[in-house]
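Asker: Data: coords.cif, mmCIF, C-alpha atoms, pLDDT in the B column; chains and numbers go by the auth columns.
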```
data_upload
loop_
_atom_site.group_PDB
_atom_site.id
_atom_site.type_symbol
_atom_site.label_atom_id
_atom_site.label_comp_id
_atom_site.label_asym_id
_atom_site.label_seq_id
_atom_site.Cartn_x
_atom_site.Cartn_y
_atom_site.Cartn_z
_atom_site.B_iso_or_equiv
_atom_site.auth_seq_id
_atom_site.auth_asym_id
ATOM 1 C CA THR A 1 1.218 30.288 8.204 50.00 434 O
ATOM 2 C CA ARG A 2 4.089 30.870 5.817 58.00 435 O
ATOM 3 C CA VAL A 3 7.463 29.483 6.820 60.00 436 O
ATOM 4 C CA PRO A 4 10.862 30.385 5.386 64.00 437 O
ATOM 5 C CA SER A 5 12.021 26.924 4.232 72.00 438 O
ATOM 6 C CA LEU A 6 11.434 23.186 4.299 72.00 439 O
ATOM 7 C CA PRO A 7 14.361 22.571 6.695 75.00 440 O
ATOM 8 C CA PHE A 8 12.744 25.121 9.037 75.00 441 O
ATOM 9 C CA VAL A 9 9.446 23.190 8.958 71.00 442 O
ATOM 10 C CA LEU A 10 11.168 19.872 9.617 72.00 443 O
ATOM 11 C CA ALA A 11 13.399 21.254 12.363 75.00 444 O
ATOM 12 C CA THR A 12 10.419 22.843 14.106 70.00 445 O
ATOM 13 C CA LEU A 13 8.317 19.690 13.989 65.00 446 O
ATOM 14 C CA LEU A 14 11.145 17.411 15.038 66.00 447 O
ATOM 15 C CA GLU A 15 12.246 19.694 17.867 69.00 448 O
ATOM 16 C CA THR A 16 8.829 19.441 19.568 61.00 449 O
ATOM 17 C CA GLU A 17 9.965 16.146 21.119 58.00 450 O
ATOM 18 C CA SER A 18 12.290 18.049 23.443 64.00 451 O
ATOM 19 C CA LEU A 19 9.548 20.461 24.493 62.00 452 O
ATOM 20 C CA HIS A 20 7.589 17.768 26.361 58.00 453 O
ATOM 21 C CA SER A 21 4.418 19.389 25.128 60.00 454 O
ATOM 22 C CA ASN A 22 1.073 17.744 24.463 63.00 455 O
ATOM 23 C CA VAL A 23 0.012 20.764 22.429 60.00 456 O
ATOM 24 C CA THR A 24 2.321 20.360 19.465 61.00 457 O
ATOM 25 C CA PRO A 25 2.339 17.154 17.429 63.00 458 O
ATOM 26 C CA LYS A 26 5.271 14.805 17.799 76.00 459 O
ATOM 27 C CA VAL A 27 6.921 13.579 14.610 81.00 460 O
ATOM 28 C CA ASP A 28 9.089 10.506 14.165 86.00 461 O
ATOM 29 C CA ALA A 29 11.554 11.395 11.397 86.00 462 O
ATOM 30 C CA ARG A 30 11.632 7.761 10.265 90.00 463 O
ATOM 31 C CA LYS A 31 7.899 7.952 9.514 92.00 464 O
ATOM 32 C CA VAL A 32 7.936 10.704 6.892 92.00 465 O
ATOM 33 C CA LYS A 33 6.115 10.092 3.611 95.00 466 O
ATOM 34 C CA TYR A 34 5.682 12.535 0.786 95.00 467 O
ATOM 35 C CA VAL A 35 3.842 13.112 -2.462 95.00 468 O
ATOM 36 C CA LEU A 36 5.655 15.294 -4.967 95.00 469 O
ATOM 37 C CA ASP A 37 4.240 16.552 -8.252 95.00 470 O
ATOM 38 C CA PRO A 38 1.302 14.122 -8.360 95.00 471 O
ATOM 39 C CA GLU A 39 -0.042 15.579 -11.624 94.00 472 O
ATOM 40 C CA SER A 40 3.376 15.236 -13.264 94.00 473 O
ATOM 41 C CA ASN A 41 3.545 18.854 -14.398 93.00 474 O
ATOM 42 C CA LEU A 42 5.972 20.421 -11.910 92.00 475 O
ATOM 43 C CA SER A 43 9.207 18.885 -13.153 91.00 476 O
ATOM 44 C CA GLU A 44 11.446 21.639 -11.744 91.00 477 O
ATOM 45 C CA SER A 45 9.873 21.313 -8.298 88.00 478 O
ATOM 46 C CA ALA A 46 10.246 17.536 -8.444 91.00 479 O
ATOM 47 C CA SER A 47 13.870 17.701 -9.575 92.00 480 O
ATOM 48 C CA THR A 48 14.693 20.192 -6.798 90.00 481 O
ATOM 49 C CA LEU A 49 12.643 18.909 -3.855 90.00 482 O
ATOM 50 C CA GLY A 50 13.038 15.165 -4.418 93.00 483 O
ATOM 51 C CA PRO A 51 16.828 15.133 -4.011 94.00 484 O
ATOM 52 C CA ALA A 52 16.605 17.691 -1.165 90.00 485 O
ATOM 53 C CA LEU A 53 14.172 15.511 0.815 91.00 486 O
ATOM 54 C CA ASN A 54 16.257 12.394 0.182 91.00 487 O
ATOM 55 C CA SER A 55 19.370 14.256 1.302 90.00 488 O
ATOM 56 C CA ILE A 56 17.747 15.498 4.521 87.00 489 O
ATOM 57 C CA ALA A 57 16.672 11.959 5.408 89.00 490 O
ATOM 58 C CA SER A 58 19.986 10.283 4.590 91.00 491 O
ATOM 59 C CA LYS A 59 22.217 12.935 6.205 87.00 492 O
ATOM 60 C CA ASN A 60 20.319 12.544 9.466 84.00 493 O
ATOM 61 C CA GLY A 61 20.255 8.750 9.445 88.00 494 O
ATOM 62 C CA TRP A 62 16.487 8.503 9.022 88.00 495 O
ATOM 63 C CA GLY A 63 16.585 6.026 6.165 89.00 496 O
ATOM 64 C CA GLU A 64 14.778 6.547 2.890 91.00 497 O
ATOM 65 C CA TRP A 65 11.406 8.251 3.139 94.00 498 O
ATOM 66 C CA GLU A 66 8.590 6.518 1.301 95.00 499 O
ATOM 67 C CA ASN A 67 7.332 8.687 -1.542 96.00 500 O
ATOM 68 C CA VAL A 68 5.259 8.948 -4.671 96.00 501 O
ATOM 69 C CA VAL A 69 6.657 11.268 -7.347 96.00 502 O
ATOM 70 C CA GLY A 70 5.056 12.210 -10.660 96.00 503 O
ATOM 71 C CA GLN A 71 1.845 10.252 -10.174 96.00 504 O
ATOM 72 C CA ILE A 72 -1.278 10.117 -8.035 95.00 505 O
ATOM 73 C CA PRO A 73 -0.622 7.900 -4.999 96.00 506 O
ATOM 74 C CA SER A 74 -2.763 4.838 -4.357 95.00 507 O
ATOM 75 C CA SER A 75 -5.558 5.028 -1.799 90.00 508 O
ATOM 76 C CA GLU A 76 -3.613 2.442 0.237 91.00 509 O
ATOM 77 C CA PHE A 77 -0.563 4.738 0.343 95.00 510 O
ATOM 78 C CA MET A 78 -2.717 7.650 1.511 92.00 511 O
ATOM 79 C CA SER A 79 -4.523 5.574 4.147 87.00 512 O
ATOM 80 C CA GLN A 80 -1.261 4.211 5.560 91.00 513 O
ATOM 81 C CA THR A 81 0.262 7.686 5.524 91.00 514 O
ATOM 82 C CA LEU A 82 -2.590 9.450 7.324 88.00 515 O
ATOM 83 C CA LEU A 83 -3.029 6.696 9.901 86.00 516 O
ATOM 84 C CA GLU A 84 0.680 6.632 10.833 88.00 517 O
ATOM 85 C CA GLU A 85 1.071 7.490 14.521 85.00 518 O
ATOM 86 C CA ASN A 86 3.651 10.307 14.865 85.00 519 O
ATOM 87 C CA GLY A 87 4.023 10.337 11.075 89.00 520 O
ATOM 88 C CA LEU A 88 4.571 13.314 8.830 89.00 521 O
ATOM 89 C CA TYR A 89 2.973 13.703 5.401 90.00 522 O
ATOM 90 C CA LEU A 90 4.456 16.270 3.012 90.00 523 O
ATOM 91 C CA TYR A 91 2.482 17.275 -0.065 90.00 524 O
ATOM 92 C CA CYS A 92 3.963 19.351 -2.855 90.00 525 O
ATOM 93 C CA GLY A 93 1.714 19.880 -5.840 89.00 526 O
ATOM 94 C CA HIS A 94 -1.125 22.050 -7.057 87.00 527 O
ATOM 95 C CA GLY A 95 -3.662 23.255 -4.508 81.00 528 O
ATOM 96 C CA GLY A 96 -4.176 21.461 -1.219 78.00 529 O
ATOM 97 C CA GLY A 97 -3.992 17.915 -2.496 82.00 530 O
ATOM 98 C CA GLU A 98 -7.633 17.530 -3.505 81.00 531 O
ATOM 99 C CA LYS A 99 -6.698 15.384 -6.508 84.00 532 O
ATOM 100 C CA VAL A 100 -4.661 13.084 -4.284 88.00 533 O
ATOM 101 C CA ILE A 101 -7.344 12.513 -1.664 85.00 534 O
ATOM 102 C CA SER A 102 -10.876 13.837 -1.573 80.00 535 O
ATOM 103 C CA ARG A 103 -12.089 16.223 1.077 75.00 536 O
ATOM 104 C CA SER A 104 -14.763 13.739 2.150 79.00 537 O
ATOM 105 C CA ARG A 105 -12.096 11.046 2.664 79.00 538 O
ATOM 106 C CA VAL A 106 -9.999 13.440 4.758 73.00 539 O
ATOM 107 C CA GLU A 107 -13.048 14.276 6.861 74.00 540 O
ATOM 108 C CA GLU A 108 -13.669 10.543 7.360 77.00 541 O
ATOM 109 C CA PHE A 109 -10.119 10.163 8.671 72.00 542 O
ATOM 110 C CA ILE A 110 -10.454 13.118 11.001 71.00 543 O
ATOM 111 C CA SER A 111 -13.850 12.196 12.420 73.00 544 O
ATOM 112 C CA GLY A 112 -13.250 8.439 12.395 68.00 545 O
ATOM 113 C CA ARG A 113 -12.348 7.076 15.774 63.00 546 O
ATOM 114 C CA ILE A 114 -10.363 3.956 16.474 61.00 547 O
ATOM 115 C CA ASP A 115 -10.277 3.066 20.172 62.00 548 O
ATOM 116 C CA GLY A 116 -11.290 6.647 20.995 60.00 549 O
ATOM 117 C CA ILE A 117 -8.395 8.170 19.032 60.00 550 O
ATOM 118 C CA ARG A 118 -8.870 10.388 15.998 62.00 551 O
ATOM 119 C CA GLY A 119 -8.507 8.613 12.679 69.00 552 O
ATOM 120 C CA CYS A 120 -5.963 10.973 11.113 74.00 553 O
ATOM 121 C CA ARG A 121 -2.782 10.604 13.149 79.00 554 O
ATOM 122 C CA ALA A 122 -0.067 12.092 10.943 84.00 555 O
ATOM 123 C CA THR A 123 0.988 15.725 10.919 81.00 556 O
ATOM 124 C CA ILE A 124 0.459 17.179 7.469 81.00 557 O
ATOM 125 C CA VAL A 125 2.356 19.919 5.669 82.00 558 O
ATOM 126 C CA LEU A 126 0.827 21.206 2.443 81.00 559 O
ATOM 127 C CA MET A 127 3.066 23.026 -0.011 81.00 560 O
ATOM 128 C CA GLY A 128 1.086 24.173 -3.001 75.00 561 O
ATOM 129 C CA CYS A 129 -0.523 27.175 -4.612 72.00 562 O
ATOM 130 C CA SER A 130 -3.831 27.888 -2.891 61.00 563 O
ATOM 131 C CA SER A 131 -3.242 25.203 -0.241 56.00 564 O
ATOM 132 C CA GLY A 132 -4.652 27.621 2.332 54.00 565 O
ATOM 133 C CA LYS A 133 -7.502 28.939 0.211 55.00 566 O
ATOM 134 C CA LEU A 134 -10.861 29.395 1.919 49.00 567 O
ATOM 135 C CA GLN A 135 -13.354 26.847 0.656 54.00 568 O
ATOM 136 C CA SER A 136 -17.093 27.287 0.506 46.00 569 O
ATOM 137 C CA VAL A 137 -18.811 24.099 1.622 46.00 570 O
ATOM 138 C CA ASN A 138 -22.606 23.965 1.351 45.00 571 O
ATOM 139 C CA THR A 139 -22.719 27.750 1.543 45.00 572 O
ATOM 140 C CA PRO A 140 -22.886 30.442 -1.130 49.00 573 O
ATOM 141 C CA LYS A 141 -19.525 31.061 -2.831 50.00 574 O
ATOM 142 C CA GLU A 142 -19.466 34.658 -1.655 51.00 575 O
ATOM 143 C CA ASN A 143 -19.781 33.573 1.984 45.00 576 O
ATOM 144 C CA PRO A 144 -17.133 30.933 2.726 46.00 577 O
ATOM 145 C CA SER A 145 -17.257 29.288 6.116 41.00 578 O
ATOM 146 C CA GLY A 146 -14.057 30.981 7.260 36.00 579 O
ATOM 147 C CA ARG A 147 -12.254 27.708 7.864 34.00 580 O
ATOM 148 C CA VAL A 148 -9.145 27.172 5.854 37.00 581 O
ATOM 149 C CA HIS A 149 -9.406 23.995 3.773 37.00 582 O
ATOM 150 C CA ALA A 150 -5.876 23.005 4.750 38.00 583 O
ATOM 151 C CA MET A 151 -6.886 23.066 8.404 36.00 584 O
ATOM 152 C CA HIS A 152 -9.075 20.041 7.757 38.00 585 O
ATOM 153 C CA TYR A 153 -5.867 18.086 7.201 42.00 586 O
ATOM 154 C CA GLU A 154 -4.270 19.005 10.517 42.00 587 O
ATOM 155 C CA PRO A 155 -4.521 16.475 13.323 42.00 588 O
ATOM 156 C CA GLU A 156 -6.847 17.301 16.164 41.00 589 O
ATOM 157 C CA GLY A 157 -5.564 17.092 19.727 38.00 590 O
#
```
What is this file in structure tokens?

Answerer:
Amino acid sequence: TRVPSLPFVLATLLETESLHSNVTPKVDARKVKYVLDPESNLSESASTLGPALNSIASKNGWGEWENVVGQIPSSEFMSQTLLEENGLYLYCGHGGGEKVISRSRVEEFISGRIDGIRGCRATIVLMGCSSGKLQSVNTPKENPSGRVHAMHYEPEG
């Protein structure tokens, strides 16, 4: 789904708290983490989005969001981010973040269960070229599975 702006995404996710719905994920605005320009080749995006994200957090009293800018985040950062209950992970870089965390690792988080709860607990927003591209996994390239790769990052109810 395409959305008109980052503030729209954040407002929509944060507003779900008032809906009293179990269908939409709840996000704690103090638990936002982001990766911006991990390959260090999107300097304009980094110089625009970094200050905008910091401004959104500070203007709303949410503190400073933990982030990694201009480099690949550590596996510890990614694990902590994806396991954060009611967290929000924002990715802005090329593709769907495959260079930041492997598909197999994401699938481990999603299928992994801790006390009967899915392993991946954060809501994830991918902002990158081809972040919603269909991926062919163990099938011929001309016959992709029909699942959007980015969907593998979304938390399961």

Asker: Ranking O:Arg536, O:Lys492, O:Lys459, O:Lys464 by minimum distance to O:Leu516 and counting only C-alpha atoms, which one comes first?

Answerer: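 Going through O:Arg536, O:Lys492, O:Lys459, O:Lys464 one by one, the smallest distance to O:Leu516 is for O:Lys464.
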
Asker: From the list O:Leu443, O:Leu521, O:Cys562, O:Val533, which residue is nearest O:Asp461 when using all atoms listed in the file?

Answerer: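 Smallest separation from O:Asp461 among the options: O:Leu521.
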
Asker: Just how far from atom CA of O:Gly483 is atom CA of O:Arg554, in Å to one decimal?

Answerer: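 Interatomic distance, atom CA of O:Arg554 to atom CA of O:Gly483: 24.1 Å.
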
Asker: Could you check which of O:Thr556, O:Ser491, O:Ser508, O:Gln513 is closest to O:Arg538, using only C-alpha atoms?

Answerer: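 Closest candidate: O:Ser508.
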
Asker: What does the distance between atom CA of O:Ala485 and atom CA of O:Leu439 come to in Å, to one decimal place?

Answerer: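 Distance between the two atoms: 9.3 Å.
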
Asker: One decimal, in Å: what's the spacing between atom CA of O:Ile489 and atom CA of O:Cys553?

Answerer: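 A separation of 25.0 Å between them.
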
Asker: Would you kindly translate the PyMOL selection byres ((chain O and resi 463) around 9) into the concrete residues it picks from this file, as a list in words?

Answerer: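 This file, filtered by the PyMOL selection byres ((chain O and resi 463) around 9), leaves Val460, Asp461, Ala462, Lys464, Val465, Lys466, Ala490, Gly494, Trp495, Gly496, Glu497, Trp498 and Gly520 of chain O.
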
Asker: Using the chain letters and numbers from the file, give me the residues hit by the PyMOL selection byres ((chain O and resi 472) around 9), as a PyMOL selection string.

Answerer: chain O and resi 469-471+473-475+503-505+526-527+532

Asker: Using only C-alpha atoms, find the one residue out of O:Ala444, O:Tyr524, O:Phe510, O:Ser535 that sits nearest to O:Ala479.

Answerer: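 Looking only at the distances to O:Ala479, the closest residue turns out to be O:Tyr524.
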